[in-house]
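Trainee: Just work.cif, nothing more (mmCIF, C-alpha atoms and all ligand atoms):
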data_input
loop_
_atom_site.label_atom_id
_atom_site.label_comp_id
_atom_site.auth_asym_id
_atom_site.auth_seq_id
_atom_site.Cartn_x
_atom_site.Cartn_y
_atom_site.Cartn_z
CA MET A 1 -75.76 168.85 -13.42
CA SER A 2 -72.70 166.71 -13.97
CA ASN A 3 -72.84 163.06 -13.05
CA PRO A 4 -69.63 161.79 -11.40
CA TRP A 5 -70.17 158.21 -12.57
CA LEU A 6 -70.60 159.16 -16.21
CA GLU A 7 -67.62 161.53 -16.04
CA ALA A 8 -65.39 158.77 -14.67
CA LEU A 9 -66.62 156.40 -17.38
CA ASP A 10 -66.01 158.97 -20.08
CA GLN A 11 -62.49 159.59 -18.85
CA ALA A 12 -61.69 155.88 -18.62
CA ASN A 13 -62.95 155.29 -22.16
CA HIS A 14 -60.87 158.21 -23.48
CA HIS A 15 -57.83 156.70 -21.85
CA LEU A 16 -58.43 153.33 -23.58
CA GLN A 17 -59.06 155.09 -26.89
CA ASN A 18 -55.76 156.97 -26.65
CA GLN A 19 -53.87 153.74 -26.03
CA GLY A 20 -55.56 151.92 -28.91
CA LEU A 21 -57.19 149.55 -26.42
CA ILE A 22 -60.93 149.91 -27.04
CA ARG A 23 -62.53 146.46 -27.45
CA GLN A 24 -65.59 145.83 -29.57
CA LEU A 25 -67.90 142.86 -29.93
CA LYS A 26 -68.38 141.44 -33.41
CA LEU A 27 -71.61 139.67 -34.23
CA ARG A 28 -71.22 136.16 -35.64
CA SER A 29 -74.44 135.02 -37.28
CA SER A 30 -73.29 131.54 -38.39
CA PRO A 31 -72.15 128.56 -36.32
CA ASN A 32 -68.45 128.46 -35.57
CA GLY A 33 -66.36 126.88 -38.33
CA PRO A 34 -63.53 127.56 -40.75
CA PHE A 35 -65.83 130.10 -42.41
CA VAL A 36 -67.99 132.42 -40.31
CA ASP A 37 -70.49 135.16 -41.09
CA MET A 38 -69.31 138.08 -39.03
CA ASN A 39 -70.55 141.66 -39.04
CA GLY A 40 -72.30 140.78 -42.28
CA SER A 41 -69.35 139.30 -44.24
CA ARG A 42 -68.31 135.72 -44.84
CA LEU A 43 -64.79 135.32 -43.47
CA LEU A 44 -62.19 132.58 -43.40
CA SER A 45 -61.56 132.34 -39.67
CA PHE A 46 -58.36 131.54 -37.78
CA SER A 47 -59.71 132.63 -34.44
CA SER A 48 -61.41 129.85 -32.50
CA ASN A 49 -60.10 127.38 -29.94
CA ASP A 50 -62.34 124.71 -31.44
CA TYR A 51 -59.20 122.84 -32.51
CA LEU A 52 -60.89 119.66 -33.68
CA GLY A 53 -63.86 121.39 -35.30
CA LEU A 54 -66.33 119.73 -32.93
CA SER A 55 -68.38 122.77 -31.90
CA ASN A 56 -70.88 122.25 -34.72
CA HIS A 57 -70.56 118.47 -35.19
CA SER A 58 -73.77 116.64 -36.09
CA ALA A 59 -73.20 113.76 -33.63
CA LEU A 60 -72.70 116.20 -30.78
CA LYS A 61 -75.75 118.27 -31.70
CA GLN A 62 -77.72 115.05 -31.60
CA ALA A 63 -76.15 114.19 -28.22
CA MET A 64 -77.20 117.58 -26.85
CA ALA A 65 -80.82 116.91 -27.83
CA GLU A 66 -80.61 113.37 -26.47
CA GLY A 67 -79.09 114.63 -23.20
CA ALA A 68 -81.85 117.17 -22.73
CA ASP A 69 -84.39 114.46 -23.43
CA MET A 70 -82.85 112.04 -20.92
CA TYR A 71 -81.88 114.41 -18.11
CA GLY A 72 -83.56 117.79 -18.75
CA THR A 73 -81.97 121.12 -19.62
CA GLY A 74 -80.98 122.33 -16.18
CA SER A 75 -79.38 120.71 -13.16
CA GLY A 76 -81.61 122.64 -10.74
CA ALA A 77 -79.12 123.15 -7.93
CA SER A 78 -75.47 123.12 -6.95
CA ALA A 79 -73.84 119.69 -7.04
CA LEU A 80 -74.01 119.23 -3.24
CA ILE A 81 -77.71 120.10 -2.96
CA SER A 82 -79.20 117.94 -5.74
CA GLY A 83 -77.46 119.03 -8.96
CA HIS A 84 -75.13 116.02 -9.30
CA SER A 85 -77.00 113.73 -11.69
CA THR A 86 -76.13 110.41 -13.31
CA ALA A 87 -75.04 112.42 -16.38
CA HIS A 88 -72.49 114.26 -14.23
CA GLN A 89 -71.24 111.07 -12.60
CA LEU A 90 -70.85 109.22 -15.92
CA LEU A 91 -68.89 112.13 -17.31
CA GLU A 92 -66.65 112.42 -14.25
CA ASP A 93 -65.90 108.69 -14.42
CA LYS A 94 -64.97 109.03 -18.09
CA LEU A 95 -62.80 112.08 -17.45
CA ALA A 96 -61.03 110.21 -14.63
CA GLN A 97 -60.32 107.39 -17.06
CA THR A 98 -58.53 109.86 -19.37
CA GLN A 99 -56.01 110.71 -16.62
CA SER A 100 -55.84 107.35 -14.83
CA GLN A 101 -52.48 106.41 -16.38
CA HIS A 102 -50.98 109.69 -15.19
CA ILE A 103 -52.28 110.43 -11.70
CA PRO A 104 -52.67 107.68 -9.07
CA ASN A 105 -56.08 107.17 -7.47
CA VAL A 106 -57.49 109.87 -9.72
CA ALA A 107 -60.90 111.49 -9.35
CA THR A 108 -62.45 114.41 -11.23
CA CYS A 109 -64.96 117.22 -10.81
CA PHE A 110 -66.91 118.71 -13.73
CA ILE A 111 -67.15 122.50 -13.34
CA ASN A 112 -69.05 125.18 -15.30
CA THR A 113 -66.02 126.87 -16.89
CA GLY A 114 -62.25 126.76 -16.89
CA PHE A 115 -62.13 130.24 -15.41
CA MET A 116 -64.19 128.99 -12.50
CA ALA A 117 -62.27 125.73 -12.15
CA ASN A 118 -59.03 127.66 -11.64
CA MET A 119 -60.64 129.89 -9.01
CA ALA A 120 -62.22 126.85 -7.37
CA MET A 121 -59.16 124.66 -7.03
CA ILE A 122 -56.55 127.32 -6.28
CA THR A 123 -58.66 128.83 -3.47
CA ALA A 124 -59.50 125.40 -2.06
CA LEU A 125 -55.78 124.54 -1.83
CA ALA A 126 -54.97 127.92 -0.31
CA SER A 127 -57.63 127.44 2.36
CA LEU A 128 -55.26 124.95 4.04
CA GLY A 129 -53.38 128.06 5.17
CA ASN A 130 -50.02 129.79 4.64
CA ILE A 131 -49.26 128.32 1.26
CA SER A 132 -46.68 129.60 -1.26
CA ILE A 133 -47.76 129.87 -4.88
CA TYR A 134 -45.29 129.93 -7.78
CA SER A 135 -46.86 131.24 -10.98
CA ASP A 136 -45.42 131.55 -14.50
CA ALA A 137 -45.33 135.18 -15.70
CA LEU A 138 -47.47 134.33 -18.76
CA ASN A 139 -50.22 132.40 -16.98
CA HIS A 140 -53.84 132.87 -18.04
CA ALA A 141 -56.01 135.59 -16.46
CA SER A 142 -58.14 132.98 -14.68
CA ILE A 143 -55.07 131.59 -12.88
CA ILE A 144 -54.01 135.11 -11.94
CA ASP A 145 -57.45 135.84 -10.53
CA GLY A 146 -57.57 132.51 -8.70
CA ILE A 147 -54.26 133.42 -7.10
CA ARG A 148 -55.51 136.91 -6.21
CA MET A 149 -58.47 135.33 -4.44
CA ALA A 150 -56.17 132.90 -2.62
CA LYS A 151 -54.11 135.87 -1.49
CA ALA A 152 -57.13 137.83 -0.29
CA GLN A 153 -58.94 134.93 1.39
CA ALA A 154 -56.07 132.92 2.80
CA GLN A 155 -52.94 135.14 2.74
CA ALA A 156 -51.17 132.93 0.20
CA GLN A 157 -47.64 134.13 -0.60
CA VAL A 158 -47.15 134.60 -4.33
CA PHE A 159 -43.99 134.39 -6.44
CA VAL A 160 -44.21 135.10 -10.17
CA TYR A 161 -41.29 133.45 -11.98
CA PRO A 162 -40.06 134.49 -15.46
CA HIS A 163 -41.75 132.57 -18.28
CA SER A 164 -40.75 128.87 -18.25
CA ASP A 165 -37.55 129.72 -16.33
CA ILE A 166 -36.83 126.51 -14.42
CA GLU A 167 -33.65 127.86 -12.82
CA ALA A 168 -35.34 130.98 -11.51
CA LEU A 169 -38.13 128.79 -10.11
CA GLN A 170 -35.60 126.45 -8.50
CA ALA A 171 -33.84 129.40 -6.84
CA LEU A 172 -37.12 130.64 -5.36
CA LEU A 173 -38.14 127.17 -4.12
CA ILE A 174 -34.82 126.59 -2.36
CA LEU A 175 -35.09 129.83 -0.39
CA ASP A 176 -38.66 129.20 0.74
CA SER A 177 -39.17 127.42 4.06
CA CYS A 178 -42.95 127.20 3.65
CA PRO A 179 -43.89 123.50 3.52
CA TYR A 180 -46.96 124.01 1.28
CA LYS A 181 -45.71 124.89 -2.18
CA LEU A 182 -47.93 125.09 -5.24
CA ILE A 183 -46.45 125.60 -8.73
CA ILE A 184 -48.99 126.74 -11.32
CA THR A 185 -48.60 126.96 -15.07
CA ASP A 186 -50.46 126.86 -18.36
CA SER A 187 -49.29 123.65 -20.07
CA VAL A 188 -49.65 125.26 -23.52
CA PHE A 189 -49.54 129.04 -23.17
CA SER A 190 -52.73 130.57 -24.47
CA MET A 191 -51.26 133.59 -26.28
CA ASP A 192 -47.82 132.19 -27.28
CA GLY A 193 -48.61 128.56 -28.07
CA ASP A 194 -45.43 127.16 -26.48
CA PHE A 195 -45.25 124.33 -23.94
CA ALA A 196 -44.21 124.80 -20.34
CA PRO A 197 -41.19 122.63 -19.41
CA ILE A 198 -43.62 120.10 -17.96
CA GLN A 199 -41.27 117.16 -17.37
CA GLN A 200 -38.78 119.35 -15.50
CA LEU A 201 -41.59 120.93 -13.51
CA VAL A 202 -42.85 117.51 -12.43
CA LYS A 203 -39.36 116.56 -11.23
CA MET A 204 -38.98 119.83 -9.41
CA ALA A 205 -42.37 119.51 -7.75
CA GLU A 206 -41.50 116.02 -6.52
CA GLN A 207 -38.10 117.18 -5.22
CA HIS A 208 -39.67 119.97 -3.19
CA GLN A 209 -42.82 118.09 -2.14
CA ALA A 210 -44.76 120.72 -4.06
CA LEU A 211 -48.01 120.31 -5.96
CA LEU A 212 -47.85 121.07 -9.69
CA TYR A 213 -51.05 122.58 -11.06
CA LEU A 214 -51.29 122.25 -14.85
CA ASP A 215 -53.88 124.24 -16.81
CA ASP A 216 -54.26 122.19 -20.02
CA ALA A 217 -56.96 124.35 -21.65
CA HIS A 218 -55.08 124.18 -24.98
CA GLY A 219 -53.86 120.60 -24.66
CA PHE A 220 -56.80 118.42 -23.67
CA GLY A 221 -58.38 116.85 -26.77
CA ILE A 222 -55.34 117.54 -28.94
CA PHE A 223 -52.10 116.24 -27.44
CA GLY A 224 -51.33 112.61 -26.71
CA LYS A 225 -52.20 109.54 -28.72
CA ASN A 226 -55.78 109.51 -27.46
CA GLY A 227 -56.05 113.28 -27.12
CA TYR A 228 -55.95 113.05 -23.32
CA GLY A 229 -53.68 116.07 -23.10
CA CYS A 230 -50.26 117.05 -21.89
CA LEU A 231 -49.78 114.25 -19.32
CA GLU A 232 -50.38 111.60 -21.96
CA TYR A 233 -48.20 113.47 -24.47
CA PHE A 234 -45.22 113.64 -22.09
CA ASP A 235 -45.93 110.23 -20.56
CA ILE A 236 -46.07 111.56 -17.00
CA TYR A 237 -47.13 109.74 -13.87
CA SER A 238 -47.07 111.64 -10.60
CA PRO A 239 -49.13 111.93 -7.44
CA ASN A 240 -48.11 115.62 -7.21
CA ILE A 241 -50.23 116.78 -10.14
CA ILE A 242 -53.45 118.76 -10.09
CA TYR A 243 -54.73 118.81 -13.68
CA MET A 244 -57.28 121.21 -15.16
CA GLY A 245 -58.73 120.52 -18.62
CA THR A 246 -61.35 122.58 -20.41
CA LEU A 247 -64.29 121.26 -22.42
CA GLY A 248 -65.25 124.33 -24.46
CA LYS A 249 -62.15 124.40 -26.66
CA ALA A 250 -61.01 121.21 -28.44
CA VAL A 251 -63.89 119.28 -26.86
CA GLY A 252 -66.32 121.65 -28.58
CA VAL A 253 -68.95 121.98 -25.83
CA SER A 254 -68.41 123.91 -22.59
CA GLY A 255 -67.14 123.50 -19.05
CA ALA A 256 -63.96 122.20 -17.46
CA PHE A 257 -62.70 119.60 -15.03
CA ILE A 258 -60.16 119.11 -12.32
CA ALA A 259 -58.37 115.75 -12.11
CA ALA A 260 -56.20 114.89 -9.11
CA GLN A 261 -55.81 112.32 -6.38
CA LYS A 262 -59.20 111.67 -4.83
CA CYS A 263 -58.36 113.46 -1.56
CA TRP A 264 -58.10 116.79 -3.44
CA LEU A 265 -61.47 116.34 -5.10
CA GLU A 266 -63.03 115.56 -1.74
CA TRP A 267 -61.45 118.71 -0.35
CA LEU A 268 -62.82 120.70 -3.30
CA ILE A 269 -66.39 120.01 -2.25
CA GLN A 270 -65.61 120.85 1.38
CA LYS A 271 -64.04 124.23 0.70
CA SER A 272 -64.46 125.51 -2.82
CA ARG A 273 -66.94 128.36 -2.85
CA PRO A 274 -67.26 128.48 -6.69
CA VAL A 275 -68.28 124.80 -6.62
CA ILE A 276 -70.40 124.89 -3.47
CA TYR A 277 -72.36 128.04 -4.33
CA SER A 278 -72.92 127.70 -8.07
CA THR A 279 -75.56 125.69 -9.92
CA SER A 280 -73.87 122.66 -11.44
CA PRO A 281 -73.54 122.57 -15.24
CA SER A 282 -76.50 121.41 -17.35
CA PRO A 283 -76.78 117.60 -17.45
CA ALA A 284 -77.45 117.87 -21.21
CA ILE A 285 -74.01 119.46 -21.52
CA ALA A 286 -72.47 116.70 -19.38
CA HIS A 287 -74.02 114.10 -21.70
CA THR A 288 -72.74 115.96 -24.80
CA VAL A 289 -69.22 116.19 -23.40
CA LEU A 290 -69.30 112.45 -22.70
CA LYS A 291 -70.11 111.86 -26.39
CA SER A 292 -67.41 114.28 -27.45
CA ILE A 293 -64.75 112.44 -25.44
CA ALA A 294 -65.86 109.17 -27.10
CA LEU A 295 -65.46 110.87 -30.48
CA ILE A 296 -62.03 112.21 -29.54
CA GLN A 297 -60.91 108.64 -28.68
CA SER A 298 -62.32 107.22 -31.91
CA GLU A 299 -60.78 106.74 -35.36
CA GLU A 300 -62.38 110.05 -36.37
CA GLY A 301 -60.62 111.78 -33.46
CA PHE A 302 -57.25 110.27 -34.45
CA LYS A 303 -57.70 111.47 -38.03
CA LYS A 304 -58.66 114.97 -36.95
CA ARG A 305 -55.61 115.27 -34.72
CA ALA A 306 -53.30 113.94 -37.44
CA HIS A 307 -54.68 116.49 -39.92
CA LEU A 308 -54.37 119.33 -37.39
CA PHE A 309 -50.69 118.53 -36.85
CA ASP A 310 -50.13 118.35 -40.61
CA LEU A 311 -51.63 121.83 -40.90
CA ILE A 312 -49.40 123.16 -38.12
CA ALA A 313 -46.29 121.68 -39.82
CA TYR A 314 -47.37 123.18 -43.16
CA TRP A 315 -47.72 126.63 -41.58
CA ASN A 316 -44.39 126.30 -39.73
CA GLN A 317 -42.60 125.56 -43.01
CA ARG A 318 -44.16 128.42 -44.92
CA SER A 319 -44.68 131.28 -42.46
CA ASN A 320 -41.52 133.26 -43.09
CA PHE A 321 -42.09 136.99 -42.98
CA THR A 322 -39.39 139.64 -43.01
CA ARG A 323 -41.20 142.22 -40.93
CA TRP A 324 -42.88 140.01 -38.32
CA HIS A 325 -41.71 137.28 -36.03
CA VAL A 326 -43.69 134.05 -35.58
CA LEU A 327 -43.22 132.67 -32.05
CA PRO A 328 -41.92 129.07 -32.13
CA SER A 329 -44.86 126.78 -31.39
CA SER A 330 -45.85 123.22 -32.13
CA SER A 331 -49.42 123.76 -30.92
CA ALA A 332 -52.47 125.03 -32.78
CA ILE A 333 -51.78 128.53 -31.43
CA GLN A 334 -49.42 130.51 -33.66
CA ALA A 335 -48.57 134.06 -32.63
CA LEU A 336 -47.38 136.63 -35.15
CA ILE A 337 -45.75 139.40 -33.12
CA ILE A 338 -46.51 142.88 -34.51
CA GLY A 339 -45.55 145.29 -31.70
CA THR A 340 -47.76 148.33 -31.30
CA ASN A 341 -51.47 148.09 -30.59
CA ASN A 342 -52.43 150.24 -33.54
CA ALA A 343 -50.25 148.32 -36.01
CA ALA A 344 -51.75 145.00 -34.85
CA MET A 345 -55.26 146.42 -35.25
CA GLU A 346 -54.40 147.76 -38.73
CA ILE A 347 -53.11 144.40 -39.94
CA ALA A 348 -56.15 142.58 -38.56
CA LYS A 349 -58.28 145.11 -40.42
CA SER A 350 -56.37 144.63 -43.68
CA LEU A 351 -56.87 140.86 -43.37
CA ASN A 352 -60.54 141.46 -42.69
CA ASN A 353 -60.73 143.47 -45.93
CA LEU A 354 -59.39 140.35 -47.68
CA ASN A 355 -62.15 138.30 -45.97
CA ILE A 356 -59.87 136.65 -43.41
CA TRP A 357 -60.51 136.88 -39.70
CA VAL A 358 -57.58 136.75 -37.28
CA PRO A 359 -57.94 138.55 -33.94
CA ALA A 360 -55.40 141.13 -32.79
CA ILE A 361 -54.45 140.56 -29.15
CA ARG A 362 -53.31 143.55 -27.12
CA PRO A 363 -52.24 144.27 -23.52
CA PRO A 364 -53.18 143.47 -20.82
CA THR A 365 -53.85 140.05 -22.40
CA VAL A 366 -50.22 140.06 -23.63
CA PRO A 367 -47.20 142.08 -22.36
CA GLU A 368 -46.78 145.71 -23.51
CA HIS A 369 -45.23 146.20 -27.00
CA THR A 370 -46.04 142.62 -28.02
CA ALA A 371 -49.46 143.17 -29.61
CA ARG A 372 -49.94 140.29 -32.00
CA LEU A 373 -52.14 138.35 -34.34
CA ARG A 374 -53.21 135.14 -32.64
CA ILE A 375 -53.70 132.60 -35.42
CA THR A 376 -55.37 129.32 -34.49
CA PHE A 377 -55.83 126.30 -36.69
CA ASN A 378 -58.45 123.60 -36.50
CA ALA A 379 -59.02 120.23 -38.10
CA ASP A 380 -61.61 121.65 -40.51
CA HIS A 381 -59.03 123.91 -42.15
CA SER A 382 -57.37 122.76 -45.37
CA PHE A 383 -53.87 123.41 -46.71
CA ALA A 384 -55.46 125.78 -49.25
CA HIS A 385 -56.88 127.85 -46.37
CA ILE A 386 -53.38 128.26 -44.98
CA ASP A 387 -52.11 129.28 -48.43
CA LEU A 388 -54.79 131.98 -48.52
CA LEU A 389 -53.68 133.28 -45.11
CA ILE A 390 -50.00 133.33 -46.06
CA GLU A 391 -50.71 135.05 -49.40
CA ALA A 392 -52.82 137.69 -47.66
CA LEU A 393 -50.17 138.36 -45.00
CA SER A 394 -47.43 138.57 -47.65
CA LYS A 395 -49.49 141.03 -49.64
CA ILE A 396 -50.08 143.20 -46.57
CA GLU A 397 -46.39 143.02 -45.71
CA SER A 398 -45.29 144.13 -49.17
CA ASN A 399 -47.85 146.99 -49.14
CA LEU A 400 -46.25 148.24 -45.93
CA GLY A 401 -43.07 148.71 -47.99
C1 LIG B 1 -59.67 129.55 -22.01
C2 LIG B 1 -58.77 129.32 -20.86
C3 LIG B 1 -59.27 129.16 -19.58
C4 LIG B 1 -60.72 129.38 -19.26
O1 LIG B 1 -61.50 128.32 -19.69
P1 LIG B 1 -63.04 128.59 -20.02
O2 LIG B 1 -63.66 127.25 -19.98
O3 LIG B 1 -63.08 129.25 -21.35
O4 LIG B 1 -63.55 129.50 -18.93
C5 LIG B 1 -58.39 128.83 -18.57
N1 LIG B 1 -57.07 128.72 -18.81
C6 LIG B 1 -56.55 128.90 -20.03
C7 LIG B 1 -55.08 128.74 -20.23
C8 LIG B 1 -57.38 129.23 -21.09
O5 LIG B 1 -56.86 129.44 -22.30
#
Output the file's structure in the form of structure tokens.
Mentor:
Amino acid sequence: MSNPWLEALDQANHHLQNQGLIRQLKLRSSPNGPFVDMNGSRLLSFSSNDYLGLSNHSALKQAMAEGADMYGTGSGASALISGHSTAHQLLEDKLAQTQSQHIPNVATCFINTGFMANMAMITALASLGNISIYSDALNHASIIDGIRMAKAQAQAQVFVYPHSDIEALQALLILDSCPYKLIITDSVFSMDGDFAPIQQLVKMAEQHQALLYLDDAHGFGIFGKNGYGCLEYFDIYSPNIIYMGTLGKAVGVSGAFIAAQKCWLEWLIQKSRPVIYSTSPSPAIAHTVLKSIALIQSEEGFKKRAHLFDLIAYWNQRSNFTRWHVLPSSSAIQALIIGTNNAAMEIAKSLNNLNIWVPAIRPPTVPEHTARLRITFNADHSFAHIDLLIEALSKIESNLG
């Protein structure tokens, strides 16, 4: 007898296969680092968001053990019930300090993941009723899903504006009579590596009494003198900003935080279902993140950032290919646009055969016909590693004829 569920699954999988869109897990059997053991081979990796190389740092591993020893492994409950420990409070105070020059009367909330933080804050804002949301066309999936939830739960109106197009955004804002406007953007775009026009967006938000929500997943830890992210980098001070930073990328641990004027953080715990109904993050993780922020502010952090930016400059000078286009980017994310899904997969495979790991990124993560290699650098890479990558790509390019 045929099973309708399995038939539907079979059909859906065939469809993905035909489009070159089947995804497969790869097993990494070593810690993350510039070299990884993956599917049984040792590969030079340009794939992680661990931009400062902190995910396997000895001081942070020690902090994790120390945190577990001091506070236990689990928080036991959601923050409002009894899960908000001293470890959480110390971390939130420290995180607030990182944004205190940029947002008045700032407070923060430590949340399990960045995906969840976007859901949490966007839905909490939308719960005030009848809001208009303006979202960049290339925003991260977690922003898109946060907005979808805001639409479903609170009838938020949504306008998607063309990528970084300030004039198009301005035109939409002028026509909208809704008093509650929320502009949302990645600060550094996750698949392109470019910056949003943050200074102009801040001005525009202030002009229209809008809130500007900045997702700094790829900025916090890296940009700014102290690594405090995009607001420090662009020297911004505004009461209109809601800031989201993640702690699993450059910070090397896991989790995320929202920073905004205190009233918004108080509202978050009144109305945000992902915060109210989820067990708060492990206090051992909170303690480890606290140590990681201290490291990021230290001499070692400065040196790591300086080296990372030297690597990016080195790549920008040398990555000239005839067949492929490198998107302009001054961040650690460098996208090599290939085009078709199958071609991107083939090139990733050829690199893999040369013991280099760069992931191919396909739709729906990126727009149709822009399948790409997403190359990411981190502070543990050397200039010689970049030479190896460029030589390998050049060899593959010349073999393509
Ligand atoms: C990775 C990422 C997130 C999600 O953060 P996690 O902590 O990994 O859940 C959110 N926004 C952007 C732009 C990201 O790149």
Trainee: Taking all listed atoms of ligand LIG 1 (chain B), build the axis-aligned box, pad each of the six sides by 6 Å, then write its centre and edge lengths in Å to one decimal as lines of an AutoDock Vina configuration file.
Mentor:
center_x = -59.4
center_y = 128.4
center_z = -20.4
size_x = 20.6
size_y = 14.3
size_z = 15.7
Trainee: Can I get the residues close to ligand LIG 1 (chain B) as a PyMOL selection string, where close means within 8 Å and we count only C-alpha atoms and all ligand atoms?
Mentor: chain A and resi 112-118+139-143+186-190+215-218+246-249+254-256
Trainee: Dump C-alpha atoms for the selected residues as a PDB file, keeping the file's coordinate frame?
Mentor:
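Written output follows (again.pdb):
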ATOM      1  CA  ASN A 112     -69.050 125.180 -15.300  1.00  0.00           C
ATOM      2  CA  THR A 113     -66.020 126.870 -16.890  1.00  0.00           C
ATOM      3  CA  GLY A 114     -62.250 126.760 -16.890  1.00  0.00           C
ATOM      4  CA  PHE A 115     -62.130 130.240 -15.410  1.00  0.00           C
ATOM      5  CA  MET A 116     -64.190 128.990 -12.500  1.00  0.00           C
ATOM      6  CA  ALA A 117     -62.270 125.730 -12.150  1.00  0.00           C
ATOM      7  CA  ASN A 118     -59.030 127.660 -11.640  1.00  0.00           C
ATOM      8  CA  ASN A 139     -50.220 132.400 -16.980  1.00  0.00           C
ATOM      9  CA  HIS A 140     -53.840 132.870 -18.040  1.00  0.00           C
ATOM     10  CA  ALA A 141     -56.010 135.590 -16.460  1.00  0.00           C
ATOM     11  CA  SER A 142     -58.140 132.980 -14.680  1.00  0.00           C
ATOM     12  CA  ILE A 143     -55.070 131.590 -12.880  1.00  0.00           C
ATOM     13  CA  ASP A 186     -50.460 126.860 -18.360  1.00  0.00           C
ATOM     14  CA  SER A 187     -49.290 123.650 -20.070  1.00  0.00           C
ATOM     15  CA  VAL A 188     -49.650 125.260 -23.520  1.00  0.00           C
ATOM     16  CA  PHE A 189     -49.540 129.040 -23.170  1.00  0.00           C
ATOM     17  CA  SER A 190     -52.730 130.570 -24.470  1.00  0.00           C
ATOM     18  CA  ASP A 215     -53.880 124.240 -16.810  1.00  0.00           C
ATOM     19  CA  ASP A 216     -54.260 122.190 -20.020  1.00  0.00           C
ATOM     20  CA  ALA A 217     -56.960 124.350 -21.650  1.00  0.00           C
ATOM     21  CA  HIS A 218     -55.080 124.180 -24.980  1.00  0.00           C
ATOM     22  CA  THR A 246     -61.350 122.580 -20.410  1.00  0.00           C
ATOM     23  CA  LEU A 247     -64.290 121.260 -22.420  1.00  0.00           C
ATOM     24  CA  GLY A 248     -65.250 124.330 -24.460  1.00  0.00           C
ATOM     25  CA  LYS A 249     -62.150 124.400 -26.660  1.00  0.00           C
ATOM     26  CA  SER A 254     -68.410 123.910 -22.590  1.00  0.00           C
ATOM     27  CA  GLY A 255     -67.140 123.500 -19.050  1.00  0.00           C
ATOM     28  CA  ALA A 256     -63.960 122.200 -17.460  1.00  0.00           C
TER      29      ALA A 256
END
Trainee: Which is closest to Gln24 in chain A among A:Leu60, A:Thr322, A:Gly129, A:Ala360, if we use all atoms listed in the file?
Mentor: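 Going through A:Leu60, A:Thr322, A:Gly129, A:Ala360 one by one, the smallest distance to Gln24 in chain A is for A:Ala360.
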Trainee: Work out how far CA of Pro31 in chain A is from CA of Ser382 in chain A, in Å to one decimal.
Mentor: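 Here the two named atoms are 18.3 Å from each other.
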Trainee: Please determine, counting all atoms listed in the file, which residue among A:Ala152, A:Ala259, A:Ala63, A:Met345 has the shortest atom-to-atom distance to Arg374 in chain A.
Mentor: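 So, comparing all the options, the nearest one is A:Met345.
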Trainee: Do a neighbour search on range 192-206 of chain A at 7 Å with all atoms listed in the file, toss out local chain neighbours closer than 6 positions, and write the hits as a PyMOL selection string.
Mentor: chain A and resi 164+186+212+240+327-331+333-335
Trainee: Any idea what the distance is between CA of Leu138 in chain A and CA of Leu52 in chain A?
Mentor: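 A separation of 24.9 Å between them.
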Trainee: Tell me which residues come within 6 Å of (-50.3, 120.3, -11.6), as a list in words, counting only C-alpha atoms in the file's coordinates.
Mentor: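 Nearby residues: Leu212, Tyr213, Leu214, Ile241, Ile242 and Tyr243 of chain A.
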